[in-house]
>>> print(open('final.cif').read())   # mmCIF, C-alpha atoms
data_run
#
loop_
_atom_site.group_PDB
_atom_site.id
_atom_site.type_symbol
_atom_site.label_atom_id
_atom_site.label_comp_id
_atom_site.auth_asym_id
_atom_site.auth_seq_id
_atom_site.Cartn_x
_atom_site.Cartn_y
_atom_site.Cartn_z
ATOM 1 C CA MET A 284 -10.183 -10.303 -0.008
ATOM 2 C CA THR A 285 -13.820 -11.318 0.063
ATOM 3 C CA TYR A 286 -16.971 -9.257 -0.159
ATOM 4 C CA LYS A 287 -20.724 -9.370 0.081
ATOM 5 C CA THR A 288 -23.387 -6.903 -0.979
ATOM 6 C CA THR A 289 -26.748 -5.999 0.454
ATOM 7 C CA GLU A 290 -29.475 -3.713 -0.754
ATOM 8 C CA GLU A 291 -31.839 -1.740 1.414
ATOM 9 C CA ASN A 292 -33.841 1.432 0.829
ATOM 10 C CA ASN A 293 -32.276 1.904 -2.621
ATOM 11 C CA ILE A 294 -28.786 1.837 -1.096
ATOM 12 C CA THR A 295 -26.356 -0.897 -2.083
ATOM 13 C CA THR A 296 -23.777 -1.708 0.557
ATOM 14 C CA ILE A 297 -20.650 -3.664 -0.266
ATOM 15 C CA TYR A 298 -18.782 -5.112 2.690
ATOM 16 C CA LEU A 299 -15.109 -5.657 1.917
ATOM 17 C CA ASP A 300 -13.186 -8.092 4.076
ATOM 18 C CA GLY A 301 -9.431 -8.676 4.194
ATOM 19 C CA GLU A 302 -6.372 -6.855 2.960
ATOM 20 C CA ILE A 303 -6.491 -4.745 -0.171
ATOM 21 C CA ASP A 304 -3.248 -4.450 -2.103
ATOM 22 C CA MET A 305 -2.130 -4.664 -5.725
ATOM 23 C CA GLU A 306 -2.927 -8.380 -5.840
ATOM 24 C CA VAL A 307 -6.630 -7.867 -5.107
ATOM 25 C CA GLY A 308 -7.094 -4.245 -6.202
ATOM 26 C CA ASP A 309 -8.617 -5.282 -9.519
ATOM 27 C CA LYS A 310 -10.972 -7.665 -7.753
ATOM 28 C CA ALA A 311 -12.154 -4.856 -5.468
ATOM 29 C CA LYS A 312 -12.652 -2.586 -8.479
ATOM 30 C CA GLU A 313 -14.599 -5.258 -10.356
ATOM 31 C CA ALA A 314 -16.825 -5.697 -7.329
ATOM 32 C CA ILE A 315 -17.518 -2.007 -6.741
ATOM 33 C CA MET A 316 -17.704 -0.347 -10.138
ATOM 34 C CA PRO A 317 -20.669 -2.273 -11.611
ATOM 35 C CA LEU A 318 -22.700 -1.319 -8.561
ATOM 36 C CA LEU A 319 -22.582 2.282 -9.758
ATOM 37 C CA ASP A 320 -24.434 1.281 -12.904
ATOM 38 C CA SER A 321 -27.283 -0.261 -10.981
ATOM 39 C CA SER A 322 -27.572 1.905 -7.874
ATOM 40 C CA ASN A 323 -27.644 5.629 -7.112
ATOM 41 C CA GLU A 324 -25.969 5.315 -3.743
ATOM 42 C CA ILE A 325 -23.239 2.853 -2.833
ATOM 43 C CA HIS A 326 -21.902 2.380 0.644
ATOM 44 C CA ILE A 327 -18.474 0.765 0.896
ATOM 45 C CA ASN A 328 -18.152 -0.734 4.354
ATOM 46 C CA LEU A 329 -14.516 -1.052 5.408
ATOM 47 C CA LYS A 330 -14.797 -2.268 8.999
ATOM 48 C CA ASP A 331 -13.249 -5.621 8.148
ATOM 49 C CA VAL A 332 -10.472 -4.285 5.948
ATOM 50 C CA GLN A 333 -7.311 -4.730 7.985
ATOM 51 C CA TYR A 334 -4.927 -3.240 5.442
ATOM 52 C CA MET A 335 -5.191 -0.977 2.440
ATOM 53 C CA ASP A 336 -2.359 0.490 0.431
ATOM 54 C CA SER A 337 -2.219 2.848 -2.537
ATOM 55 C CA SER A 338 -3.874 0.219 -4.760
ATOM 56 C CA GLY A 339 -6.937 0.159 -2.545
ATOM 57 C CA ILE A 340 -6.969 3.936 -2.247
ATOM 58 C CA SER A 341 -6.906 4.106 -6.059
ATOM 59 C CA VAL A 342 -10.045 1.976 -6.202
ATOM 60 C CA LEU A 343 -11.780 4.280 -3.725
ATOM 61 C CA ILE A 344 -10.755 7.336 -5.748
ATOM 62 C CA GLU A 345 -11.970 5.761 -8.995
ATOM 63 C CA SER A 346 -15.321 4.866 -7.491
ATOM 64 C CA HIS A 347 -15.701 8.329 -6.024
ATOM 65 C CA GLN A 348 -14.874 9.945 -9.366
ATOM 66 C CA LYS A 349 -17.129 7.659 -11.386
ATOM 67 C CA ALA A 350 -19.978 8.317 -8.967
ATOM 68 C CA SER A 351 -19.486 12.067 -9.396
ATOM 69 C CA GLU A 352 -19.553 11.733 -13.179
ATOM 70 C CA LEU A 353 -22.776 9.762 -13.020
ATOM 71 C CA GLY A 354 -24.403 12.045 -10.462
ATOM 72 C CA LYS A 355 -24.356 9.255 -7.919
ATOM 73 C CA LYS A 356 -22.905 8.895 -4.454
ATOM 74 C CA VAL A 357 -20.300 6.668 -2.833
ATOM 75 C CA VAL A 358 -20.029 6.708 0.946
ATOM 76 C CA LEU A 359 -17.278 5.056 2.974
ATOM 77 C CA LYS A 360 -18.675 3.467 6.105
ATOM 78 C CA GLU A 361 -17.121 2.166 9.336
ATOM 79 C CA ILE A 362 -13.595 2.690 8.125
ATOM 80 C CA SER A 363 -11.124 0.650 10.149
ATOM 81 C CA LYS A 364 -8.450 2.637 12.031
ATOM 82 C CA SER A 365 -5.632 1.380 9.860
ATOM 83 C CA VAL A 366 -7.430 2.314 6.623
ATOM 84 C CA LEU A 367 -8.425 5.711 7.982
ATOM 85 C CA LYS A 368 -4.781 6.464 8.724
ATOM 86 C CA VAL A 369 -3.893 5.781 5.086
ATOM 87 C CA ILE A 370 -6.800 7.892 3.804
ATOM 88 C CA MET A 371 -5.680 10.748 6.025
ATOM 89 C CA MET A 372 -2.066 10.363 4.933
ATOM 90 C CA ALA A 373 -3.296 10.987 1.399
ATOM 91 C CA LYS A 374 -5.432 13.891 2.687
ATOM 92 C CA LEU A 375 -8.516 12.340 1.128
ATOM 93 C CA GLU A 376 -10.734 12.571 4.203
ATOM 94 C CA GLN A 377 -12.006 15.900 2.877
ATOM 95 C CA ILE A 378 -12.763 14.475 -0.549
ATOM 96 C CA PHE A 379 -14.500 11.200 0.248
ATOM 97 C CA ASN A 380 -17.955 10.993 1.789
ATOM 98 C CA ILE A 381 -17.220 9.344 5.119
ATOM 99 C CA GLU A 382 -19.760 8.249 7.719
ATOM 100 C CA MET B 39 18.121 -2.856 19.942
ATOM 101 C CA ASN B 40 20.258 -4.400 17.210
ATOM 102 C CA PHE B 41 19.126 -6.968 14.713
ATOM 103 C CA SER B 42 19.081 -7.791 11.045
ATOM 104 C CA LYS B 43 16.703 -10.145 9.298
ATOM 105 C CA PHE B 44 16.188 -10.779 5.625
ATOM 106 C CA ALA B 45 14.081 -12.886 3.316
ATOM 107 C CA ASP B 46 13.722 -13.342 -0.435
ATOM 108 C CA PHE B 47 10.395 -13.202 -2.206
ATOM 109 C CA GLU B 48 9.169 -14.143 -5.656
ATOM 110 C CA ILE B 49 8.430 -11.323 -8.033
ATOM 111 C CA LYS B 50 4.634 -11.504 -8.113
ATOM 112 C CA SER B 51 1.833 -9.524 -6.559
ATOM 113 C CA SER B 52 0.781 -12.395 -4.320
ATOM 114 C CA SER B 53 4.176 -12.049 -2.591
ATOM 115 C CA LEU B 54 3.075 -8.698 -1.160
ATOM 116 C CA LYS B 55 1.089 -10.455 1.569
ATOM 117 C CA ASP B 56 4.115 -12.623 2.407
ATOM 118 C CA ILE B 57 6.267 -9.498 2.552
ATOM 119 C CA ARG B 58 3.835 -7.850 4.963
ATOM 120 C CA ASP B 59 3.642 -10.974 7.119
ATOM 121 C CA PHE B 60 7.441 -11.254 7.274
ATOM 122 C CA SER B 61 7.727 -7.574 8.218
ATOM 123 C CA LYS B 62 5.014 -7.931 10.864
ATOM 124 C CA LYS B 63 6.860 -10.856 12.406
ATOM 125 C CA VAL B 64 10.135 -8.919 12.522
ATOM 126 C CA PHE B 65 8.502 -5.896 14.139
ATOM 127 C CA LYS B 66 6.590 -8.015 16.644
ATOM 128 C CA GLU B 67 9.872 -9.546 17.817
ATOM 129 C CA ASN B 68 11.136 -6.062 18.581
ATOM 130 C CA GLN B 69 8.694 -4.351 20.875
ATOM 131 C CA GLU B 70 10.027 -0.875 20.339
ATOM 132 C CA LEU B 71 9.006 -1.073 16.712
ATOM 133 C CA GLU B 72 5.515 -2.414 17.309
ATOM 134 C CA ASN B 73 3.970 1.039 17.599
ATOM 135 C CA GLU B 74 5.338 2.056 14.249
ATOM 136 C CA GLN B 75 4.679 -1.206 12.496
ATOM 137 C CA GLU B 76 1.530 -0.251 10.570
ATOM 138 C CA LYS B 77 3.196 2.660 8.829
ATOM 139 C CA LEU B 78 6.442 0.748 8.300
ATOM 140 C CA ILE B 79 4.581 -2.169 6.750
ATOM 141 C CA LEU B 80 2.783 0.257 4.458
ATOM 142 C CA ALA B 81 6.102 1.778 3.328
ATOM 143 C CA ILE B 82 7.634 -1.658 2.758
ATOM 144 C CA GLY B 83 4.547 -2.842 0.881
ATOM 145 C CA GLU B 84 4.553 0.200 -1.366
ATOM 146 C CA ALA B 85 8.269 -0.184 -2.107
ATOM 147 C CA ALA B 86 7.840 -3.852 -2.968
ATOM 148 C CA GLN B 87 4.820 -3.044 -5.110
ATOM 149 C CA ASN B 88 6.874 -0.477 -7.007
ATOM 150 C CA ILE B 89 9.546 -3.074 -7.711
ATOM 151 C CA ILE B 90 6.968 -5.451 -9.171
ATOM 152 C CA LYS B 91 5.175 -2.713 -11.114
ATOM 153 C CA HIS B 92 8.120 -0.718 -12.399
ATOM 154 C CA SER B 93 11.357 -2.700 -12.187
ATOM 155 C CA TYR B 94 9.567 -5.754 -13.571
ATOM 156 C CA GLU B 95 6.692 -3.964 -15.341
ATOM 157 C CA ASN B 96 4.269 -6.453 -13.829
ATOM 158 C CA LYS B 97 5.847 -9.274 -15.857
ATOM 159 C CA LYS B 98 6.482 -12.688 -14.391
ATOM 160 C CA SER B 99 10.060 -13.444 -13.500
ATOM 161 C CA SER B 100 11.976 -16.178 -11.784
ATOM 162 C CA ASP B 101 13.995 -13.461 -10.024
ATOM 163 C CA LYS B 102 13.567 -12.752 -6.365
ATOM 164 C CA LEU B 103 13.512 -9.518 -4.430
ATOM 165 C CA ARG B 104 15.280 -9.320 -1.093
ATOM 166 C CA LEU B 105 13.913 -7.478 1.894
ATOM 167 C CA GLN B 106 16.281 -6.836 4.757
ATOM 168 C CA ILE B 107 15.143 -5.170 7.975
ATOM 169 C CA SER B 108 17.899 -4.031 10.321
ATOM 170 C CA CYS B 109 18.119 -1.944 13.423
ATOM 171 C CA ASP B 110 21.268 -0.418 14.760
ATOM 172 C CA ASP B 111 20.612 1.339 18.075
ATOM 173 C CA ASN B 112 18.208 4.106 17.132
ATOM 174 C CA GLU B 113 18.022 3.731 13.392
ATOM 175 C CA LEU B 114 15.899 1.324 11.411
ATOM 176 C CA THR B 115 17.130 0.503 7.926
ATOM 177 C CA ILE B 116 15.039 -1.310 5.358
ATOM 178 C CA ASP B 117 16.894 -2.510 2.295
ATOM 179 C CA LEU B 118 15.153 -3.765 -0.810
ATOM 180 C CA TYR B 119 17.196 -5.377 -3.556
ATOM 181 C CA ASP B 120 16.030 -6.449 -6.974
ATOM 182 C CA LYS B 121 17.434 -7.438 -10.352
ATOM 183 C CA GLY B 122 14.879 -5.670 -12.491
ATOM 184 C CA LYS B 123 15.156 -2.678 -14.781
ATOM 185 C CA LEU B 124 17.519 -0.063 -13.334
ATOM 186 C CA THR B 125 15.626 2.589 -11.389
ATOM 187 C CA ILE B 126 16.467 6.164 -12.352
ATOM 188 C CA GLU B 127 15.691 8.288 -9.317
ATOM 189 C CA LYS B 128 14.555 11.346 -11.262
ATOM 190 C CA ASN B 129 11.863 9.198 -12.872
ATOM 191 C CA VAL B 130 10.430 8.270 -9.484
ATOM 192 C CA LYS B 131 7.832 10.887 -8.744
ATOM 193 C CA SER B 132 5.042 11.067 -6.246
ATOM 194 C CA ARG B 133 2.021 12.925 -7.450
ATOM 195 C CA ASP B 134 0.798 16.194 -6.107
ATOM 196 C CA LEU B 135 -1.898 15.429 -3.507
ATOM 197 C CA ASP B 136 -4.126 18.121 -4.967
ATOM 198 C CA ASP B 137 -4.132 16.280 -8.258
ATOM 199 C CA ILE B 138 -6.674 13.707 -7.152
ATOM 200 C CA LYS B 139 -6.485 10.669 -9.352
ATOM 201 C CA PRO B 140 -5.916 6.963 -8.934
ATOM 202 C CA GLY B 141 -2.242 6.029 -8.836
ATOM 203 C CA GLY B 142 0.946 7.798 -7.831
ATOM 204 C CA LEU B 143 0.522 7.552 -4.064
ATOM 205 C CA GLY B 144 2.943 4.717 -3.356
ATOM 206 C CA THR B 145 6.104 6.812 -3.415
ATOM 207 C CA PHE B 146 4.335 9.576 -1.499
ATOM 208 C CA PHE B 147 3.443 7.153 1.315
ATOM 209 C CA ILE B 148 7.005 5.841 1.483
ATOM 210 C CA LYS B 149 8.365 9.368 1.842
ATOM 211 C CA GLN B 150 5.743 10.250 4.440
ATOM 212 C CA VAL B 151 6.697 7.319 6.641
ATOM 213 C CA MET B 152 10.460 7.163 6.260
ATOM 214 C CA ASP B 153 13.063 9.767 7.202
ATOM 215 C CA GLU B 154 15.280 8.912 4.247
ATOM 216 C CA VAL B 155 14.664 7.220 0.920
ATOM 217 C CA ILE B 156 17.787 6.402 -1.070
ATOM 218 C CA PHE B 157 17.770 4.904 -4.547
ATOM 219 C CA SER B 158 21.062 3.358 -5.449
ATOM 220 C CA LYS B 159 22.630 0.832 -7.750
ATOM 221 C CA SER B 160 23.589 -2.316 -5.977
ATOM 222 C CA LYS B 161 27.235 -2.500 -5.047
ATOM 223 C CA ASN B 162 27.435 -6.146 -5.946
ATOM 224 C CA ASP B 163 26.521 -8.127 -9.035
ATOM 225 C CA ASP B 164 23.850 -10.137 -7.287
ATOM 226 C CA TRP B 165 21.410 -7.245 -7.598
ATOM 227 C CA VAL B 166 20.689 -4.267 -9.811
ATOM 228 C CA ASN B 167 18.686 -1.900 -7.612
ATOM 229 C CA HIS B 168 19.155 -1.208 -3.938
ATOM 230 C CA LEU B 169 16.490 0.881 -2.253
ATOM 231 C CA ILE B 170 17.349 2.039 1.241
ATOM 232 C CA LEU B 171 14.677 3.313 3.609
ATOM 233 C CA LYS B 172 15.745 4.761 6.937
ATOM 234 C CA LYS B 173 13.870 5.844 10.009
ATOM 235 C CA LYS B 174 15.049 7.074 13.385
ATOM 236 C CA ILE B 175 13.386 5.191 16.187
ATOM 237 C CA ILE B 176 12.319 7.369 19.081
ATOM 238 C CA ARG B 177 12.521 5.609 22.405
ATOM 239 C CA LEU B 178 9.964 6.754 24.949
#
>>> encode(input="final.cif", output="structure tokens")
Amino acid sequence: MTYKTTEENNITTIYLDGEIDMEVGDKAKEAIMPLLDSSNEIHINLKDVQYMDSSGISVLIESHQKASELGKKVVLKEISKSVLKVIMMAKLEQIFNIE
Amino acid sequence: MNFSKFADFEIKSSSLKDIRDFSKKVFKENQELENEQEKLILAIGEAAQNIIKHSYENKKSSDKLRLQISCDDNELTIDLYDKGKLTIEKNVKSRDLDDIKPGGLGTFFIKQVMDEVIFSKSKNDDWVNHLILKKKIIRL
């Protein structure tokens, strides 16, 4: 998995690229979580994530929960079809902010 | 459609990608399974992850896990064998979806995808655990 971040209009966007499983879950978490300290709104762009399992979903849940605790916002953007299927299997489409 | 393919993988998280790639290759060779492959690969990946996390407690080992994918007419059977800590089925729980927290979704996903999930002790001394995942294949 690789990633890059951009910042525009006080929104930090992190673009994740690759497959997110247990091997890289910690790396994804380490990339996303610090952004919540420095930014009020984080967009996690998933268009180039070809695979995500429960490890990746856990990272999304953690970031969503941390954002709520801090009064901040995490938005999932351009979710790939395969990742959306997994999110919906876990019935999290109602919980996450998805655009 | 009848086939059976297997491969052994090292017990480490970086093997999960190899496991997915092997599974993808098997499903691609059998067109009738291609439509289901995303969900099947997810189930296989979660099962393998559970072996690494729970049977081996994320510790390095020189052991291997075996993944066997077989199809016998209309039923797909996925067998996973490992030599880790014996799995006690009653200890394998998926979390309640309303209890939103990180973790606990792997087993839930496996049960969502597969028609049957059977935890058993291996019938031979080569392995300790034998997880059997079954799914009926609907031909259109």
>>> residues_around(input="final.cif", residues="Thr288 in chain A", least_positions_apart="2", cutoff="10 Å", atoms="only C-alpha atoms", output="list of chain:residue names")
A:Tyr286, A:Glu290, A:Thr295, A:Thr296, A:Ile297, A:Tyr298, A:Leu299, A:Ala314, A:Ile315, A:Leu318, A:Ile325, A:His326, A:Ile327, A:Asn328
>>> closest_atom_pairs(input="final.cif", of="range 64-175 of chain B", to="range 355-379 of chain A", cutoff="8 Å", atoms="only C-alpha atoms", output="Markdown table")
| residue | atom | partner | partner_atom | distance |
| --- | --- | --- | --- | --- |
| B:Glu76 | CA | A:Ser365 | CA | 7.4 |
| B:Leu135 | CA | A:Ala373 | CA | 6.8 |
| B:Leu143 | CA | A:Ala373 | CA | 7.5 |
| B:Phe147 | CA | A:Met372 | CA | 7.3 |
| B:Gln150 | CA | A:Met372 | CA | 7.8 |
>>> resolve_selection(input="final.cif", expression="the PyMOL selection byres ((chain A) within 6 of (chain B))", output="number ranges by chain")
A: 306, 337, 341, 344
>>> residues_around(input="final.cif", residues="range 111-126 of chain B", least_positions_apart="4", cutoff="8 Å", atoms="all atoms listed in the file", output="ChimeraX atom specification")
/B:39-40,82,85-86,89,92-94,101-107,130,157,159-160,164-177
>>> closest_residue(input="final.cif", among="A:Glu345, A:Asp331, A:Glu302, A:Glu324", to="Lys287 in chain A", atoms="all atoms listed in the file")
A:Asp331
>>> atom_distance(input="final.cif", atom1="CA of Ile303 in chain A", atom2="CA of Tyr334 in chain A")
6.0 Å
>>> atom_distance(input="final.cif", atom1="CA of Asp304 in chain A", atom2="CA of Asn68 in chain B")
25.2 Å
>>> atom_distance(input="final.cif", atom1="CA of Leu78 in chain B", atom2="CA of Met335 in chain A")
13.1 Å
>>> axis_aligned_box(input="final.cif", around="range 131-138 of chain B", padding_each_side="6 Å", output="JSON")
{"center_x": 0.6, "center_y": 14.5, "center_z": -6.1, "size_x": 26.5, "size_y": 19.2, "size_z": 17.2}
>>> resolve_selection(input="final.cif", expression="the PyMOL selection byres ((chain A and resi 320) around 10)", output="list in words")
Ile315, Met316, Pro317, Leu318, Leu319, Ser321, Ser322, Asn323, Lys349, Ala350, Leu353 and Lys355 of chain A
>>> write_last_selection(input="final.cif", atoms="C-alpha atoms", output="compact mmCIF listing (two decimals), in the coordinates of the input")
# COMPACT_ATOMS: atom_id res chain seq x y z
CA ILE A 315 -17.52 -2.01 -6.74
CA MET A 316 -17.70 -0.35 -10.14
CA PRO A 317 -20.67 -2.27 -11.61
CA LEU A 318 -22.70 -1.32 -8.56
CA LEU A 319 -22.58 2.28 -9.76
CA SER A 321 -27.28 -0.26 -10.98
CA SER A 322 -27.57 1.90 -7.87
CA ASN A 323 -27.64 5.63 -7.11
CA LYS A 349 -17.13 7.66 -11.39
CA ALA A 350 -19.98 8.32 -8.97
CA LEU A 353 -22.78 9.76 -13.02
CA LYS A 355 -24.36 9.26 -7.92
